[in-house]
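Trainee: So that we are looking at the same thing, I have put the structure below in structure tokens.
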Amino acid sequence: MKLIVIIFTLLSNLLADDITPIPNKAIDVNPIKVKLGKKLFFDPILSKNGTVACVNCHILSDGGDDNRQFSIGINGKIGNINSPTVLNARYNFVQFWDGRAKNLQEQAEGPIENPVEMGNTFPNLIKTLKNSPYKKEFDSIYKDGITKENITDAIAEYEKTLITPNAPFDKYLRGDKNAITKMQKEGYELFKSKGCISCHNGINIGGNLYAKFGVFKQAKSKSLGRYDVTKNPLDKYFFKVPTLRNIALTSPYLHDGRYKTLKSVVRFMIEYQLGRKAKQDDIDKITVFLLSFTGNILK
Ligand code: HEC
Ligand code: HEC
């Protein structure tokens, strides 16, 4: 087992990608579609009975998630998986914990038709929108007016703008050596030397690979993760490695929201993902480092 840990650490250090800052210049989007997509994101009209909007479960000013273990959808129905943040979701290589949507547009179909989220159908939603002021707006932007593709296209275009640049750690990466504290720098060193960075790297500090939930120790999980999509036994308990951006704001943590505090997740990661003994001092430093990932939050 020790040998596996050493090989894993060596490999992860060799393969370790860097973390790159979020661009802090204007992003290339279609502003008219963004305006429409934003309206839709905040509008409960998308749900079957007009009560649930995307923003109910993805509160932008509060980390882009809903701060609950499981979300509450239409008619008070409770889901079975933790709501991830929509902030910076554009940088994820696939969407959902199990990666079943290849991009934001495909993702946006999911909640609208999910019986425990918005409980609608596209034919019904299109009918509703055609009888609303949205008709004019869609007709002026899209040649074919209100369709499933155009609804999800507008929402996805808006979501592309939901990025949070200028986190202290991004400023540090850009050369401002005082943007993070001494303890955070020590946490960063541990984040690299312990091997966190082998899974949480790139522009989203995660979101670019699948990894097993419980690499060194079996972790109990009701959800089978990626296996539900591929039915390949090797994919059992694999999940998309989540982004760590704005992680201070998105408690509770993990796909089943089992931990309320960051320190308990960091301990879990050290023990289950890295197969190491978790020292309190390391947990404290790494946790403080993670706080430097909070960027400019949107309203
Ligand atoms: C009732 C709560 C709820 C509503 C309403 C809701 N979501 Fe979600 N959202 C979730 C949950 C839970 C997940 C994770 C589901 C999974 O991975 O299986 C999720 C996942 C996502 C993701 C993927 C993020 C990632 O990192 O994989 C995006 C993007 C997203 N939602 C956007 C939207 C949009 C756009 C809408 C409106 C059309 C919406 N959501 C409506 C709860 C909700
Ligand atoms: C082998 C890959 C791997 C390594 C190494 C790893 N993680 Fe993770 N991390 C994951 C996966 C996968 C998840 C999501 C697990 C789940 O909920 O199913 C995750 C989740 C997290 C979360 C919770 C995110 C959320 O939104 O709920 C935090 C925080 C985190 N990791 C921090 C760390 C830290 C700190 C380290 C180093 C001590 C580390 N990770 C090492 C793969 C890894």
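In the structure tokens, the first chain shown is A, the next is B, and so on; residue numbers restart at 1 for each chain, and ligands run from 1 in the order shown.
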I want to know what sits within 9 Å of range 229-239 of chain A, based on only C-alpha atoms, with residues of the same chain fewer than 4 positions away left out; could you give that as a PyMOL selection string?
Mentor: chain A and resi 96-100+209-214+219+221+223-225+255
Trainee: Write out as a PDB file with N, CA, C and O atoms, in the first residue's frame each polymer residue (protein, DNA or RNA) that has an atom no more than 7 Å from ligand 1, with only C-alpha atoms and all ligand atoms counted.
Mentor:
```pdb
ATOM      1  N   PHE A  41     -33.291  32.383 -16.802  1.00  0.00           N
ATOM      2  CA  PHE A  41     -32.643  31.767 -15.628  1.00  0.00           C
ATOM      3  C   PHE A  41     -33.371  32.157 -14.336  1.00  0.00           C
ATOM      4  O   PHE A  41     -33.485  31.364 -13.410  1.00  0.00           O
ATOM      5  N   VAL A  52     -40.765  27.308  -9.792  1.00  0.00           N
ATOM      6  CA  VAL A  52     -39.335  27.047  -9.574  1.00  0.00           C
ATOM      7  C   VAL A  52     -38.499  27.611 -10.719  1.00  0.00           C
ATOM      8  O   VAL A  52     -38.725  27.287 -11.883  1.00  0.00           O
ATOM      9  N   ALA A  53     -37.535  28.461 -10.371  1.00  0.00           N
ATOM     10  CA  ALA A  53     -36.613  29.005 -11.375  1.00  0.00           C
ATOM     11  C   ALA A  53     -35.239  28.366 -11.185  1.00  0.00           C
ATOM     12  O   ALA A  53     -34.947  27.806 -10.120  1.00  0.00           O
ATOM     13  N   CYS A  54     -34.388  28.474 -12.201  1.00  0.00           N
ATOM     14  CA  CYS A  54     -33.017  27.958 -12.073  1.00  0.00           C
ATOM     15  C   CYS A  54     -32.352  28.547 -10.833  1.00  0.00           C
ATOM     16  O   CYS A  54     -31.658  27.859 -10.091  1.00  0.00           O
ATOM     17  N   VAL A  55     -32.609  29.839 -10.619  1.00  0.00           N
ATOM     18  CA  VAL A  55     -31.911  30.543  -9.546  1.00  0.00           C
ATOM     19  C   VAL A  55     -32.294  30.024  -8.153  1.00  0.00           C
ATOM     20  O   VAL A  55     -31.531  30.188  -7.208  1.00  0.00           O
ATOM     21  N   ASN A  56     -33.436  29.354  -8.038  1.00  0.00           N
ATOM     22  CA  ASN A  56     -33.805  28.782  -6.723  1.00  0.00           C
ATOM     23  C   ASN A  56     -32.710  27.855  -6.206  1.00  0.00           C
ATOM     24  O   ASN A  56     -32.453  27.810  -5.006  1.00  0.00           O
ATOM     25  N   CYS A  57     -32.118  27.087  -7.102  1.00  0.00           N
ATOM     26  CA  CYS A  57     -31.117  26.097  -6.680  1.00  0.00           C
ATOM     27  C   CYS A  57     -29.705  26.547  -7.009  1.00  0.00           C
ATOM     28  O   CYS A  57     -28.741  25.852  -6.698  1.00  0.00           O
ATOM     29  N   HIS A  58     -29.597  27.685  -7.696  1.00  0.00           N
ATOM     30  CA  HIS A  58     -28.263  28.204  -8.059  1.00  0.00           C
ATOM     31  C   HIS A  58     -28.242  29.696  -7.748  1.00  0.00           C
ATOM     32  O   HIS A  58     -28.365  30.546  -8.640  1.00  0.00           O
ATOM     33  N   PHE A  70     -29.640  18.534  -0.274  1.00  0.00           N
ATOM     34  CA  PHE A  70     -30.343  18.183  -1.499  1.00  0.00           C
ATOM     35  C   PHE A  70     -31.327  19.299  -1.834  1.00  0.00           C
ATOM     36  O   PHE A  70     -31.939  19.885  -0.940  1.00  0.00           O
ATOM     37  N   SER A  71     -31.466  19.570  -3.127  1.00  0.00           N
ATOM     38  CA  SER A  71     -32.303  20.696  -3.564  1.00  0.00           C
ATOM     39  C   SER A  71     -33.781  20.406  -3.391  1.00  0.00           C
ATOM     40  O   SER A  71     -34.215  19.254  -3.402  1.00  0.00           O
ATOM     41  N   ILE A  72     -34.549  21.479  -3.302  1.00  0.00           N
ATOM     42  CA  ILE A  72     -36.005  21.359  -3.245  1.00  0.00           C
ATOM     43  C   ILE A  72     -36.570  21.861  -4.563  1.00  0.00           C
ATOM     44  O   ILE A  72     -36.343  22.994  -4.957  1.00  0.00           O
ATOM     45  N   GLY A  73     -37.279  20.992  -5.260  1.00  0.00           N
ATOM     46  CA  GLY A  73     -37.832  21.351  -6.566  1.00  0.00           C
ATOM     47  C   GLY A  73     -39.336  21.549  -6.506  1.00  0.00           C
ATOM     48  O   GLY A  73     -39.884  21.928  -5.463  1.00  0.00           O
ATOM     49  N   ILE A  74     -39.975  21.246  -7.614  1.00  0.00           N
ATOM     50  CA  ILE A  74     -41.410  21.498  -7.764  1.00  0.00           C
ATOM     51  C   ILE A  74     -42.219  20.724  -6.704  1.00  0.00           C
ATOM     52  O   ILE A  74     -41.879  19.583  -6.381  1.00  0.00           O
ATOM     53  N   GLY A  79     -34.464  16.314  -4.121  1.00  0.00           N
ATOM     54  CA  GLY A  79     -33.591  15.539  -4.996  1.00  0.00           C
ATOM     55  C   GLY A  79     -32.671  14.626  -4.205  1.00  0.00           C
ATOM     56  O   GLY A  79     -32.794  14.508  -2.975  1.00  0.00           O
ATOM     57  N   ILE A  81     -29.138  14.477  -4.997  1.00  0.00           N
ATOM     58  CA  ILE A  81     -27.728  14.804  -5.242  1.00  0.00           C
ATOM     59  C   ILE A  81     -27.541  16.297  -4.984  1.00  0.00           C
ATOM     60  O   ILE A  81     -28.471  17.079  -5.165  1.00  0.00           O
ATOM     61  N   ASN A  82     -26.348  16.672  -4.530  1.00  0.00           N
ATOM     62  CA  ASN A  82     -26.078  18.057  -4.138  1.00  0.00           C
ATOM     63  C   ASN A  82     -25.985  18.967  -5.363  1.00  0.00           C
ATOM     64  O   ASN A  82     -25.415  18.597  -6.380  1.00  0.00           O
ATOM     65  N   SER A  83     -26.553  20.153  -5.235  1.00  0.00           N
ATOM     66  CA  SER A  83     -26.515  21.102  -6.343  1.00  0.00           C
ATOM     67  C   SER A  83     -25.116  21.713  -6.478  1.00  0.00           C
ATOM     68  O   SER A  83     -24.620  22.349  -5.554  1.00  0.00           O
ATOM     69  N   PRO A  84     -24.469  21.509  -7.623  1.00  0.00           N
ATOM     70  CA  PRO A  84     -23.147  22.120  -7.816  1.00  0.00           C
ATOM     71  C   PRO A  84     -23.297  23.584  -8.209  1.00  0.00           C
ATOM     72  O   PRO A  84     -24.390  24.021  -8.548  1.00  0.00           O
ATOM     73  N   THR A  85     -22.222  24.321  -8.162  1.00  0.00           N
ATOM     74  CA  THR A  85     -22.301  25.734  -8.526  1.00  0.00           C
ATOM     75  C   THR A  85     -22.415  25.907 -10.044  1.00  0.00           C
ATOM     76  O   THR A  85     -21.855  25.126 -10.807  1.00  0.00           O
ATOM     77  N   VAL A  86     -23.155  26.956 -10.449  1.00  0.00           N
ATOM     78  CA  VAL A  86     -23.165  27.304 -11.877  1.00  0.00           C
ATOM     79  C   VAL A  86     -22.048  28.296 -12.197  1.00  0.00           C
ATOM     80  O   VAL A  86     -21.780  28.553 -13.369  1.00  0.00           O
ATOM     81  N   ALA A  89     -19.104  27.252 -14.461  1.00  0.00           N
ATOM     82  CA  ALA A  89     -19.435  25.925 -15.001  1.00  0.00           C
ATOM     83  C   ALA A  89     -18.987  25.824 -16.461  1.00  0.00           C
ATOM     84  O   ALA A  89     -18.714  24.732 -16.953  1.00  0.00           O
ATOM     85  N   ASN A  92     -16.025  23.629 -17.033  1.00  0.00           N
ATOM     86  CA  ASN A  92     -16.029  22.181 -16.795  1.00  0.00           C
ATOM     87  C   ASN A  92     -15.996  21.435 -18.123  1.00  0.00           C
ATOM     88  O   ASN A  92     -16.662  21.837 -19.066  1.00  0.00           O
ATOM     89  N   VAL A  94     -17.299  18.588 -18.839  1.00  0.00           N
ATOM     90  CA  VAL A  94     -18.654  18.059 -19.048  1.00  0.00           C
ATOM     91  C   VAL A  94     -19.491  18.586 -17.881  1.00  0.00           C
ATOM     92  O   VAL A  94     -18.940  19.107 -16.917  1.00  0.00           O
ATOM     93  N   GLN A  95     -20.799  18.454 -17.977  1.00  0.00           N
ATOM     94  CA  GLN A  95     -21.676  18.954 -16.909  1.00  0.00           C
ATOM     95  C   GLN A  95     -22.340  17.800 -16.159  1.00  0.00           C
ATOM     96  O   GLN A  95     -22.495  16.713 -16.707  1.00  0.00           O
ATOM     97  N   PHE A  96     -22.731  18.067 -14.940  1.00  0.00           N
ATOM     98  CA  PHE A  96     -23.329  17.130 -13.966  1.00  0.00           C
ATOM     99  C   PHE A  96     -22.220  16.328 -13.285  1.00  0.00           C
ATOM    100  O   PHE A  96     -21.125  16.170 -13.819  1.00  0.00           O
ATOM    101  N   TRP A  97     -22.545  15.811 -12.097  1.00  0.00           N
ATOM    102  CA  TRP A  97     -21.565  15.033 -11.335  1.00  0.00           C
ATOM    103  C   TRP A  97     -21.092  13.815 -12.138  1.00  0.00           C
ATOM    104  O   TRP A  97     -19.941  13.403 -12.039  1.00  0.00           O
ATOM    105  N   ASP A  98     -22.022  13.241 -12.923  1.00  0.00           N
ATOM    106  CA  ASP A  98     -21.645  12.040 -13.684  1.00  0.00           C
ATOM    107  C   ASP A  98     -21.312  12.354 -15.138  1.00  0.00           C
ATOM    108  O   ASP A  98     -21.131  11.455 -15.948  1.00  0.00           O
ATOM    109  N   GLY A  99     -21.261  13.634 -15.482  1.00  0.00           N
ATOM    110  CA  GLY A  99     -20.840  14.039 -16.826  1.00  0.00           C
ATOM    111  C   GLY A  99     -21.828  13.696 -17.929  1.00  0.00           C
ATOM    112  O   GLY A  99     -21.439  13.595 -19.088  1.00  0.00           O
ATOM    113  N   LEU A 104     -23.071  23.161 -21.623  1.00  0.00           N
ATOM    114  CA  LEU A 104     -24.097  23.907 -20.882  1.00  0.00           C
ATOM    115  C   LEU A 104     -25.457  23.844 -21.578  1.00  0.00           C
ATOM    116  O   LEU A 104     -26.487  23.749 -20.919  1.00  0.00           O
ATOM    117  N   GLN A 107     -26.930  20.566 -20.881  1.00  0.00           N
ATOM    118  CA  GLN A 107     -27.258  20.504 -19.457  1.00  0.00           C
ATOM    119  C   GLN A 107     -28.614  21.155 -19.176  1.00  0.00           C
ATOM    120  O   GLN A 107     -29.417  20.632 -18.395  1.00  0.00           O
ATOM    121  N   ALA A 108     -28.860  22.313 -19.808  1.00  0.00           N
ATOM    122  CA  ALA A 108     -30.046  23.108 -19.475  1.00  0.00           C
ATOM    123  C   ALA A 108     -31.357  22.372 -19.767  1.00  0.00           C
ATOM    124  O   ALA A 108     -32.401  22.698 -19.212  1.00  0.00           O
ATOM    125  N   GLU A 109     -31.320  21.352 -20.625  1.00  0.00           N
ATOM    126  CA  GLU A 109     -32.523  20.549 -20.868  1.00  0.00           C
ATOM    127  C   GLU A 109     -32.918  19.777 -19.619  1.00  0.00           C
ATOM    128  O   GLU A 109     -34.098  19.550 -19.369  1.00  0.00           O
ATOM    129  N   PRO A 111     -32.786  20.072 -16.026  1.00  0.00           N
ATOM    130  CA  PRO A 111     -33.649  20.515 -14.932  1.00  0.00           C
ATOM    131  C   PRO A 111     -35.083  20.815 -15.365  1.00  0.00           C
ATOM    132  O   PRO A 111     -36.020  20.588 -14.611  1.00  0.00           O
ATOM    133  N   ILE A 112     -35.268  21.318 -16.590  1.00  0.00           N
ATOM    134  CA  ILE A 112     -36.609  21.688 -17.038  1.00  0.00           C
ATOM    135  C   ILE A 112     -37.519  20.459 -17.050  1.00  0.00           C
ATOM    136  O   ILE A 112     -38.671  20.503 -16.629  1.00  0.00           O
ATOM    137  N   VAL A 116     -38.242  16.024 -10.328  1.00  0.00           N
ATOM    138  CA  VAL A 116     -38.088  16.582  -8.973  1.00  0.00           C
ATOM    139  C   VAL A 116     -37.488  17.987  -8.992  1.00  0.00           C
ATOM    140  O   VAL A 116     -37.191  18.557  -7.950  1.00  0.00           O
ATOM    141  N   GLU A 117     -37.281  18.564 -10.184  1.00  0.00           N
ATOM    142  CA  GLU A 117     -36.758  19.927 -10.253  1.00  0.00           C
ATOM    143  C   GLU A 117     -37.838  20.867 -10.807  1.00  0.00           C
ATOM    144  O   GLU A 117     -38.543  21.512 -10.052  1.00  0.00           O
ATOM    145  N   MET A 118     -37.979  20.935 -12.157  1.00  0.00           N
ATOM    146  CA  MET A 118     -38.997  21.846 -12.698  1.00  0.00           C
ATOM    147  C   MET A 118     -40.229  21.117 -13.234  1.00  0.00           C
ATOM    148  O   MET A 118     -41.258  21.743 -13.522  1.00  0.00           O
ATOM    149  N   ILE A 155     -30.037  30.252 -22.517  1.00  0.00           N
ATOM    150  CA  ILE A 155     -29.632  30.022 -21.122  1.00  0.00           C
ATOM    151  C   ILE A 155     -28.120  29.759 -21.052  1.00  0.00           C
ATOM    152  O   ILE A 155     -27.416  30.324 -20.214  1.00  0.00           O
ATOM    153  N   ALA A 156     -27.642  28.929 -21.964  1.00  0.00           N
ATOM    154  CA  ALA A 156     -26.209  28.596 -21.963  1.00  0.00           C
ATOM    155  C   ALA A 156     -25.358  29.833 -22.241  1.00  0.00           C
ATOM    156  O   ALA A 156     -24.301  30.034 -21.632  1.00  0.00           O
ATOM    157  N   PRO A 242     -14.967  18.060  -8.912  1.00  0.00           N
ATOM    158  CA  PRO A 242     -15.622  19.370  -8.942  1.00  0.00           C
ATOM    159  C   PRO A 242     -14.629  20.527  -8.887  1.00  0.00           C
ATOM    160  O   PRO A 242     -13.496  20.374  -8.428  1.00  0.00           O
TER     161      PRO A 242
END
```
Trainee: Within 7 Å of ligand 2, counting only C-alpha atoms and all ligand atoms, which protein or nucleic acid residues do you find, written as an MDAnalysis selection string?
Mentor: chainID A and resid 84 191 194:200 210:213 215 238:244 247 250 252:257 262 265:266 269:270 273:274 286:287
Trainee: Using only C-alpha atoms for the distances, tell me which of A:Tyr188, A:Tyr91, A:Glu113, A:Lys160 is nearest to Tyr172 in chain A.
Mentor: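 Of A:Tyr188, A:Tyr91, A:Glu113, A:Lys160, the one nearest Tyr172 in chain A is A:Tyr188, counting only C-alpha atoms.
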Trainee: Can you list, as a PyMOL selection string, all residues belonging to range 35-111 of chain A that DSSP tags as strand (DSSP E or B)?
Mentor: chain A and resi 59+65+72+78+95+101
Trainee: Using N, CA, C and O atoms, can you export the residues from the last selection as a PDB file, in the first residue's frame?
Mentor:
```
ATOM      1  N   ILE A  59     -28.123  30.015  -6.461  1.00  0.00           N
ATOM      2  CA  ILE A  59     -28.186  31.408  -6.003  1.00  0.00           C
ATOM      3  C   ILE A  59     -26.834  32.067  -6.275  1.00  0.00           C
ATOM      4  O   ILE A  59     -25.820  31.726  -5.649  1.00  0.00           O
ATOM      5  N   ASP A  65     -24.797  27.861  -5.750  1.00  0.00           N
ATOM      6  CA  ASP A  65     -25.503  26.629  -5.395  1.00  0.00           C
ATOM      7  C   ASP A  65     -26.636  27.022  -4.446  1.00  0.00           C
ATOM      8  O   ASP A  65     -26.975  28.203  -4.354  1.00  0.00           O
ATOM      9  N   ILE A  72     -34.549  21.479  -3.302  1.00  0.00           N
ATOM     10  CA  ILE A  72     -36.005  21.359  -3.245  1.00  0.00           C
ATOM     11  C   ILE A  72     -36.570  21.861  -4.563  1.00  0.00           C
ATOM     12  O   ILE A  72     -36.343  22.994  -4.957  1.00  0.00           O
ATOM     13  N   ILE A  78     -37.809  16.613  -3.084  1.00  0.00           N
ATOM     14  CA  ILE A  78     -36.398  16.700  -2.700  1.00  0.00           C
ATOM     15  C   ILE A  78     -35.563  15.776  -3.568  1.00  0.00           C
ATOM     16  O   ILE A  78     -35.906  14.605  -3.770  1.00  0.00           O
ATOM     17  N   GLN A  95     -20.799  18.454 -17.977  1.00  0.00           N
ATOM     18  CA  GLN A  95     -21.676  18.954 -16.909  1.00  0.00           C
ATOM     19  C   GLN A  95     -22.340  17.800 -16.159  1.00  0.00           C
ATOM     20  O   GLN A  95     -22.495  16.713 -16.707  1.00  0.00           O
ATOM     21  N   ALA A 101     -24.059  15.408 -19.444  1.00  0.00           N
ATOM     22  CA  ALA A 101     -24.296  16.435 -20.472  1.00  0.00           C
ATOM     23  C   ALA A 101     -22.953  16.946 -20.966  1.00  0.00           C
ATOM     24  O   ALA A 101     -22.058  17.225 -20.176  1.00  0.00           O
TER      25      ALA A 101
END
```
Trainee: Report the residues of range 47-282 of chain A whose backbone DSSP state falls under alpha helix (DSSP H), written as number ranges by chain.
Mentor: A: 54-57, 104-113, 122-130, 134-141, 148-159, 168-173, 182-193, 227-230, 262-268, 280-282
Trainee: I need the residue nearest Ile163 in chain A from this list: A:Ala179, A:Ala278, A:Leu40, A:Leu298. Use only C-alpha atoms for the distance.
Mentor: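 With only C-alpha atoms as the atom set, the closest residue is A:Leu298.
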Trainee: Do a neighbour search on Phe289 in chain A at 9 Å with only C-alpha atoms, toss out local chain neighbours closer than 3 positions, and write the hits as a compact mmCIF listing (two decimals) with all heavy atoms, in the first residue's frame.
Mentor:
```
# COMPACT_ATOMS: atom_id res chain seq x y z
N PHE A 169 -6.12 34.12 -5.10
CA PHE A 169 -5.15 33.18 -5.66
C PHE A 169 -4.83 33.48 -7.13
O PHE A 169 -3.70 33.32 -7.57
CB PHE A 169 -5.62 31.73 -5.49
CG PHE A 169 -4.57 30.73 -5.90
CD1 PHE A 169 -3.34 30.69 -5.24
CD2 PHE A 169 -4.79 29.86 -6.95
CE1 PHE A 169 -2.35 29.78 -5.63
CE2 PHE A 169 -3.80 28.95 -7.33
CZ PHE A 169 -2.59 28.91 -6.67
N ILE A 180 -2.06 36.61 -1.28
CA ILE A 180 -2.46 35.57 -0.32
C ILE A 180 -1.50 35.60 0.87
O ILE A 180 -0.38 36.11 0.78
CB ILE A 180 -2.52 34.15 -0.96
CG1 ILE A 180 -1.14 33.68 -1.45
CG2 ILE A 180 -3.52 34.12 -2.12
CD1 ILE A 180 -1.13 32.23 -1.94
N THR A 181 -1.96 35.05 1.99
CA THR A 181 -1.19 35.14 3.23
C THR A 181 -0.09 34.07 3.26
O THR A 181 -0.07 33.16 2.44
CB THR A 181 -2.09 34.90 4.45
OG1 THR A 181 -2.59 33.55 4.38
CG2 THR A 181 -3.27 35.87 4.48
N MET A 183 0.26 31.76 5.46
CA MET A 183 -0.34 30.45 5.74
C MET A 183 -0.97 29.86 4.47
O MET A 183 -0.91 28.65 4.23
CB MET A 183 -1.39 30.60 6.84
CG MET A 183 -1.90 29.27 7.37
SD MET A 183 -2.88 29.53 8.87
CE MET A 183 -3.59 27.91 9.11
N GLN A 184 -1.55 30.73 3.64
CA GLN A 184 -2.13 30.25 2.38
C GLN A 184 -1.04 29.74 1.44
O GLN A 184 -1.23 28.74 0.74
CB GLN A 184 -2.97 31.36 1.72
CG GLN A 184 -4.27 31.59 2.49
CD GLN A 184 -5.13 32.72 1.94
OE1 GLN A 184 -4.61 33.74 1.50
NE2 GLN A 184 -6.43 32.54 1.99
N LYS A 185 0.11 30.41 1.46
CA LYS A 185 1.23 29.93 0.62
C LYS A 185 1.67 28.55 1.09
O LYS A 185 1.97 27.66 0.28
CB LYS A 185 2.41 30.91 0.68
CG LYS A 185 2.15 32.16 -0.17
CD LYS A 185 3.25 33.21 -0.02
CE LYS A 185 2.71 34.55 -0.47
NZ LYS A 185 3.50 35.70 -0.04
N GLU A 186 1.71 28.36 2.41
CA GLU A 186 2.08 27.04 2.94
C GLU A 186 1.03 26.00 2.54
O GLU A 186 1.36 24.87 2.20
CB GLU A 186 2.22 27.11 4.47
CG GLU A 186 3.49 27.85 4.88
CD GLU A 186 3.51 28.22 6.37
OE1 GLU A 186 2.69 27.68 7.14
OE2 GLU A 186 4.36 29.05 6.75
N GLY A 187 -0.23 26.43 2.55
CA GLY A 187 -1.31 25.53 2.12
C GLY A 187 -1.15 25.16 0.65
O GLY A 187 -1.38 24.01 0.26
N TYR A 188 -0.76 26.12 -0.16
CA TYR A 188 -0.55 25.88 -1.59
C TYR A 188 0.56 24.84 -1.79
O TYR A 188 0.42 23.91 -2.61
CB TYR A 188 -0.20 27.20 -2.28
CG TYR A 188 0.06 27.11 -3.77
CD1 TYR A 188 -0.60 26.20 -4.58
CD2 TYR A 188 0.98 28.00 -4.39
CE1 TYR A 188 -0.37 26.14 -5.95
CE2 TYR A 188 1.21 27.95 -5.76
CZ TYR A 188 0.54 27.02 -6.53
OH TYR A 188 0.77 26.96 -7.88
N PHE A 191 -0.89 21.58 -0.99
CA PHE A 191 -1.86 21.22 -2.04
C PHE A 191 -1.11 20.55 -3.21
O PHE A 191 -1.60 19.61 -3.82
CB PHE A 191 -2.56 22.50 -2.51
CG PHE A 191 -3.79 22.29 -3.36
CD1 PHE A 191 -5.02 22.07 -2.77
CD2 PHE A 191 -3.71 22.35 -4.74
CE1 PHE A 191 -6.17 21.89 -3.55
CE2 PHE A 191 -4.85 22.17 -5.53
CZ PHE A 191 -6.08 21.94 -4.94
N ASP A 284 -5.51 22.47 8.42
CA ASP A 284 -5.75 23.90 8.65
C ASP A 284 -5.16 24.74 7.52
O ASP A 284 -5.80 25.66 7.02
CB ASP A 284 -5.11 24.34 9.99
CG ASP A 284 -5.84 23.70 11.17
OD1 ASP A 284 -6.93 23.14 10.98
OD2 ASP A 284 -5.28 23.74 12.30
N LYS A 285 -3.92 24.41 7.14
CA LYS A 285 -3.25 25.23 6.12
C LYS A 285 -3.93 25.08 4.76
O LYS A 285 -4.13 26.06 4.04
CB LYS A 285 -1.78 24.83 6.02
CG LYS A 285 -0.97 25.37 7.19
CD LYS A 285 0.46 24.89 7.15
CE LYS A 285 1.23 25.53 8.30
NZ LYS A 285 2.48 24.79 8.58
N ILE A 286 -4.25 23.84 4.41
CA ILE A 286 -4.89 23.62 3.10
C ILE A 286 -6.25 24.32 3.08
O ILE A 286 -6.62 24.98 2.10
CB ILE A 286 -5.03 22.11 2.79
CG1 ILE A 286 -3.65 21.49 2.58
CG2 ILE A 286 -5.89 21.90 1.54
CD1 ILE A 286 -3.65 19.98 2.41
N SER A 292 -8.71 31.19 -0.60
CA SER A 292 -8.19 32.19 -1.55
C SER A 292 -8.76 31.98 -2.96
O SER A 292 -8.38 32.66 -3.90
CB SER A 292 -6.66 32.14 -1.59
OG SER A 292 -6.21 31.00 -2.30
N PHE A 293 -9.69 31.01 -3.11
CA PHE A 293 -10.29 30.74 -4.42
C PHE A 293 -11.59 31.51 -4.64
O PHE A 293 -12.28 31.29 -5.63
CB PHE A 293 -10.59 29.24 -4.59
CG PHE A 293 -9.39 28.34 -4.57
CD1 PHE A 293 -9.54 26.98 -4.33
CD2 PHE A 293 -8.11 28.82 -4.82
CE1 PHE A 293 -8.45 26.13 -4.32
CE2 PHE A 293 -7.01 27.97 -4.81
CZ PHE A 293 -7.18 26.62 -4.56
```
Trainee: Give me the residues near Leu87 in chain A as a list in words, where near means some atom within 7 Å (using only C-alpha atoms) and where sequence neighbours in that chain fewer than 5 positions away do not count.
Mentor: Gly64, Leu162, Ile163 and Thr164 of chain A
Trainee: Would you kindly return, as a PyMOL selection string, each protein, DNA or RNA residue with an atom no farther than 12 Å from any atom of Leu125 in chain A, considering only C-alpha atoms and excluding same-chain residues fewer than 2 positions away?
Mentor: chain A and resi 40+44-50+109+112-113+118-123+127-132+134-135+146-148+151-152
Trainee: Could you check which of A:Arg258, A:Lys25, A:Lys182, A:Arg245 is closest to Val288 in chain A, using only C-alpha atoms?
Mentor: A:Lys182
